[in-house]
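One structure below.
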Amino acid sequence: MTATDNIRQPLVSFIVTCYNLPTDMLCECIDSILKLNLQSAEREIIVVDDGSDQSPMNDLLKYGDDIIYVRQKNGGVSVARNTAMDMAKGQFIQIVDGDDCLLTVPYEQCLDIIRKNGDADVVMFDFTHQNSQGSNTPVTLRKKSGPDLLRTENIQGAACCCLFRQAVRGHLAFTPGIAYGEDEEFTPQLLIRAETVYVTDAKAYFYRERETSAVHQKDESSIQKRLSDTKEVILHLNQLADTRPQSDKVALQRRVAQLTMDYIYNTILLTRSEEKLNETLEDLRKDGLFPLPNHPYSTKYTWFRRLSNNTLGRKMLLRALPLMKKER
């Protein structure tokens with residue numbers, strides 16, 4: 001690559017996906033990107049409209065050359081993100097759901113990390129439900145390899161909370177058809193490829209909770225889709241672990257165990273059915289995923305593993321979990 005080519009390459013490609021969103025939310029998302037301390041040549045904003053009933057194009061004309069707008073046939077968020085990632089020219093990629101926003105002050109601290117550290121493959125940050133710009137308080141910063149992070153910690157799986165190098169992603173893509181858990185499949189595979197990950201406590205992403213979002217749908221078909229998608233993700237990561245070197249395998253197995261625990265938890269919470277829980281555990285047993293591995297991943301994991309592994313404990317979970325607020 002010549003020096004001239006490097007100047008033309010944006011620092012970050014921002015991938016914004018939307019489907020039937022109020023245009024004011026989508027514009028707020030785009031505006032949050034434009035507020036960042038980036039020259040126009042340093043950023044690329046790709047907006048993928050995943051077949052909305054009505055195109056928001058007229059409301060986006062005001063942005064002119066600041067955005068690239070793509071409208072495609074509805075294929076789901078995974079397909080929309082893949083379309084944009086394949087188009088992206090930036091050194092780094094940032095995924096933003098069209099109803100969410102980047103928070104200026106903490107996100108610029110993440111940008112500073114990739115500017116100052118040429119070895120950065122991924123910068124991980126946190127989300128918040130508060131749409132405030134935050135303060136200039138210095139963020140805590142830890143540097144680890146991706147596999148080591150997966151081996152030793154319970155990660156934040158949201159892909160939107162990762163600023164990642166395009167070259168590290170390679171040909172990794174989101175799986176079409178996965179409507180729930182697409183991030184949980186993508187992020188561990190991204191991290192296993194990353195030599196250097198900077199983990200911060202910056203609350204740089206505003207996640208807007210909406211009653212119409214997929215995770216809030218409580219009808220039976222949505223619940224079954226959520227559980228079946230989660231199971232598919234777990235099985236895929238488990239199969240992938242068997243193909244990796246031992247250190248990577250251990251890292252992915254920890255994530256598989258964590259996701260399996262969450263899957264059992266959600267089976268209880270969403271169905272509240274002892275029969276469904278027992279069916280789920282029997283299926284997991286056939287796949288070698290239950291009982292949960294006896295590792296001290298966390299206090300919560302240890303207690304959940306013990307309770308889920310006997311009849312009395314499962315009855316206690318069925319009674320208690322619906323009454324509790326799930327941790328983030």
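How things are named: the first chain in the structure tokens is A, the next is B, and so on; residues count from 1 in each chain; ligands count from 1 in the order shown.
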*Find the residues near range 253-267 of chain A: any atom within 9 Å, counting only C-alpha atoms, skip ones fewer than 2 places away on the same chain, and give them as number ranges by chain.*
A: 150-155, 184, 188, 223, 227, 230-231, 233-235, 237-238, 241, 248-251, 269-273, 276-277, 280-281, 284, 289-290, 292-293, 295, 297, 301, 304-305, 308, 317, 321
_Please return, as JSON, numbers by chain, all residues of range 69-262 of chain A that DSSP assigns to helix (DSSP H, G or I) on the basis of the backbone._
{"A": [77, 78, 79, 80, 81, 82, 83, 84, 85, 86, 87, 104, 105, 106, 107, 108, 109, 110, 111, 112, 113, 114, 115, 116, 146, 147, 148, 149, 150, 151, 152, 159, 160, 161, 166, 167, 168, 169, 182, 183, 184, 185, 186, 187, 188, 189, 190, 191, 192, 214, 215, 216, 220, 221, 222, 223, 224, 225, 226, 227, 228, 229, 230, 231, 232, 233, 234, 235, 236, 237, 238, 239, 240, 241, 246, 247, 248, 249, 250, 251, 252, 253, 254, 255, 256, 257, 258, 259, 260, 261, 262]}
_Quick check, in Å to one decimal: how far apart do CA of Asn278 in chain A and CA of Phe186 in chain A lie?_
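Value for the CA of Asn278 in chain A-CA of Phe186 in chain A distance: 28.7 Å.
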*Quick one: everything within 10 Å of range 96-102 of chain A, counting only C-alpha atoms, minus sequence neighbours fewer than 2 positions away in the same chain. Send it as a PyMOL selection string.*
chain A and resi 14-36+47-49+77+81+93-94+104-108+127+129+131-133+159-161+203-210+213
_Neighbour list for range 112-120 of chain A as a ChimeraX atom specification, cut-off 12 Å, only C-alpha atoms, skip fewer than 5 positions in-chain_ = /A:11-12,36-38,42,91-93,105-107,125,138-146,162-168,191,194-200,202
For the residues in that selection, give me N, CA and C atoms as a compact mmCIF listing (two decimals), in the first residue's frame.
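Done, and the output landed in selection.txt:
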```txt
# COMPACT_ATOMS: atom_id res chain seq x y z
N LEU A 11 -10.19 5.74 8.70
CA LEU A 11 -9.77 5.07 9.93
C LEU A 11 -10.85 4.08 10.36
N VAL A 12 -12.12 4.51 10.31
CA VAL A 12 -13.22 3.68 10.78
C VAL A 12 -14.36 3.69 9.76
N LEU A 36 -18.40 12.98 16.17
CA LEU A 36 -17.09 12.51 16.62
C LEU A 36 -15.98 13.33 15.98
N ASN A 37 -14.86 13.41 16.69
CA ASN A 37 -13.72 14.19 16.22
C ASN A 37 -12.96 13.40 15.14
N LEU A 38 -13.61 13.27 14.00
CA LEU A 38 -13.03 12.59 12.86
C LEU A 38 -13.19 13.47 11.62
N GLU A 42 -11.52 10.44 7.40
CA GLU A 42 -11.19 9.41 8.39
C GLU A 42 -12.37 8.49 8.68
N GLN A 91 -9.95 0.97 8.09
CA GLN A 91 -9.02 0.09 8.81
C GLN A 91 -9.75 -0.65 9.93
N PHE A 92 -10.69 0.04 10.56
CA PHE A 92 -11.48 -0.53 11.65
C PHE A 92 -12.96 -0.48 11.29
N ILE A 93 -13.73 -1.33 11.94
CA ILE A 93 -15.17 -1.39 11.74
C ILE A 93 -15.87 -1.17 13.07
N VAL A 105 -18.03 11.57 24.14
CA VAL A 105 -16.83 11.64 24.95
C VAL A 105 -16.19 10.27 25.19
N PRO A 106 -16.94 9.29 25.70
CA PRO A 106 -16.30 7.98 25.92
C PRO A 106 -15.89 7.29 24.62
N TYR A 107 -16.65 7.49 23.53
CA TYR A 107 -16.26 6.81 22.30
C TYR A 107 -14.97 7.42 21.72
N PHE A 125 -15.64 -2.01 24.77
CA PHE A 125 -16.18 -1.01 25.69
C PHE A 125 -17.55 -1.47 26.16
N PRO A 138 -10.71 9.57 32.80
CA PRO A 138 -9.93 8.56 32.08
C PRO A 138 -10.50 7.16 32.29
N VAL A 139 -10.55 6.40 31.22
CA VAL A 139 -11.07 5.04 31.32
C VAL A 139 -9.98 4.10 31.81
N THR A 140 -10.39 3.04 32.48
CA THR A 140 -9.43 2.00 32.82
C THR A 140 -9.15 1.19 31.56
N LEU A 141 -7.94 0.72 31.45
CA LEU A 141 -7.51 0.07 30.22
C LEU A 141 -6.69 -1.17 30.55
N ARG A 142 -7.08 -2.29 29.99
CA ARG A 142 -6.33 -3.54 30.15
C ARG A 142 -5.99 -4.09 28.77
N LYS A 143 -4.82 -4.65 28.64
CA LYS A 143 -4.36 -5.19 27.37
C LYS A 143 -4.18 -6.70 27.50
N LYS A 144 -4.86 -7.45 26.66
CA LYS A 144 -4.78 -8.91 26.69
C LYS A 144 -4.89 -9.43 25.27
N SER A 145 -4.47 -10.67 25.08
CA SER A 145 -4.76 -11.31 23.80
C SER A 145 -6.21 -11.78 23.81
N GLY A 146 -6.80 -11.90 22.63
CA GLY A 146 -8.19 -12.34 22.56
C GLY A 146 -8.41 -13.71 23.17
N CYS A 162 -17.63 -3.47 20.25
CA CYS A 162 -16.27 -3.78 19.78
C CYS A 162 -15.92 -2.88 18.60
N LEU A 163 -14.81 -2.19 18.71
CA LEU A 163 -14.21 -1.47 17.58
C LEU A 163 -13.08 -2.37 17.10
N PHE A 164 -13.25 -2.95 15.91
CA PHE A 164 -12.30 -4.00 15.53
C PHE A 164 -11.67 -3.77 14.16
N ARG A 165 -10.45 -4.28 14.05
CA ARG A 165 -9.67 -4.12 12.82
C ARG A 165 -10.24 -5.02 11.72
N GLN A 166 -10.44 -4.43 10.56
CA GLN A 166 -10.99 -5.17 9.43
C GLN A 166 -10.12 -6.36 9.05
N ALA A 167 -8.80 -6.19 9.10
CA ALA A 167 -7.89 -7.26 8.72
C ALA A 167 -7.99 -8.46 9.66
N VAL A 168 -8.31 -8.22 10.92
CA VAL A 168 -8.47 -9.31 11.87
C VAL A 168 -9.75 -10.09 11.58
N LEU A 191 -12.60 -12.54 18.64
CA LEU A 191 -11.59 -12.43 19.68
C LEU A 191 -10.53 -13.51 19.58
N ALA A 194 -7.74 -12.32 17.54
CA ALA A 194 -7.11 -11.04 17.90
C ALA A 194 -5.89 -11.23 18.78
N GLU A 195 -4.75 -10.72 18.35
CA GLU A 195 -3.53 -10.81 19.15
C GLU A 195 -3.56 -9.80 20.30
N THR A 196 -4.14 -8.62 20.04
CA THR A 196 -4.14 -7.58 21.06
C THR A 196 -5.52 -6.96 21.20
N VAL A 197 -6.08 -7.09 22.40
CA VAL A 197 -7.38 -6.52 22.71
C VAL A 197 -7.21 -5.53 23.86
N TYR A 198 -7.72 -4.33 23.68
CA TYR A 198 -7.75 -3.34 24.76
C TYR A 198 -9.16 -3.34 25.34
N VAL A 199 -9.26 -3.67 26.62
CA VAL A 199 -10.55 -3.74 27.30
C VAL A 199 -10.71 -2.50 28.16
N THR A 200 -11.79 -1.76 27.93
CA THR A 200 -12.02 -0.53 28.68
C THR A 200 -13.35 -0.63 29.43
N ALA A 202 -15.25 2.11 29.36
CA ALA A 202 -15.96 3.26 28.78
C ALA A 202 -17.39 2.87 28.42
```
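Shell of Arg8 in chain A at 10 Å, with only C-alpha atoms counted and residues fewer than 6 places along the chain excluded, is Ala41, Glu42, Lys89 and Gly90 of chain A.
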With C-alpha atoms retained, export the selected residues as an mmCIF file, in the first residue's frame.
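Generated output (selection_16.cif):
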```
data_model
loop_
_atom_site.group_PDB
_atom_site.id
_atom_site.type_symbol
_atom_site.label_atom_id
_atom_site.label_comp_id
_atom_site.auth_asym_id
_atom_site.auth_seq_id
_atom_site.Cartn_x
_atom_site.Cartn_y
_atom_site.Cartn_z
ATOM 1 C CA ALA A 41 -11.679 11.352 5.143
ATOM 2 C CA GLU A 42 -11.194 9.415 8.393
ATOM 3 C CA LYS A 89 -12.905 0.370 3.301
ATOM 4 C CA GLY A 90 -11.936 1.457 6.815
#
```
*asked:* My list of candidates is A:Val123, A:Leu111, A:Leu307, A:Ile268. Which is closest to Leu323 in chain A when distances are computed with only C-alpha atoms?
replied: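 Going through A:Val123, A:Leu111, A:Leu307, A:Ile268 one by one, the smallest distance to Leu323 in chain A is for A:Ile268.
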*Measuring atom to atom with only C-alpha atoms, identify which of A:His236, A:Lys300, A:Lys286, A:Arg319 is nearest to Glu274 in chain A.*
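Looking only at the distances to Glu274 in chain A, the closest residue turns out to be A:Arg319.
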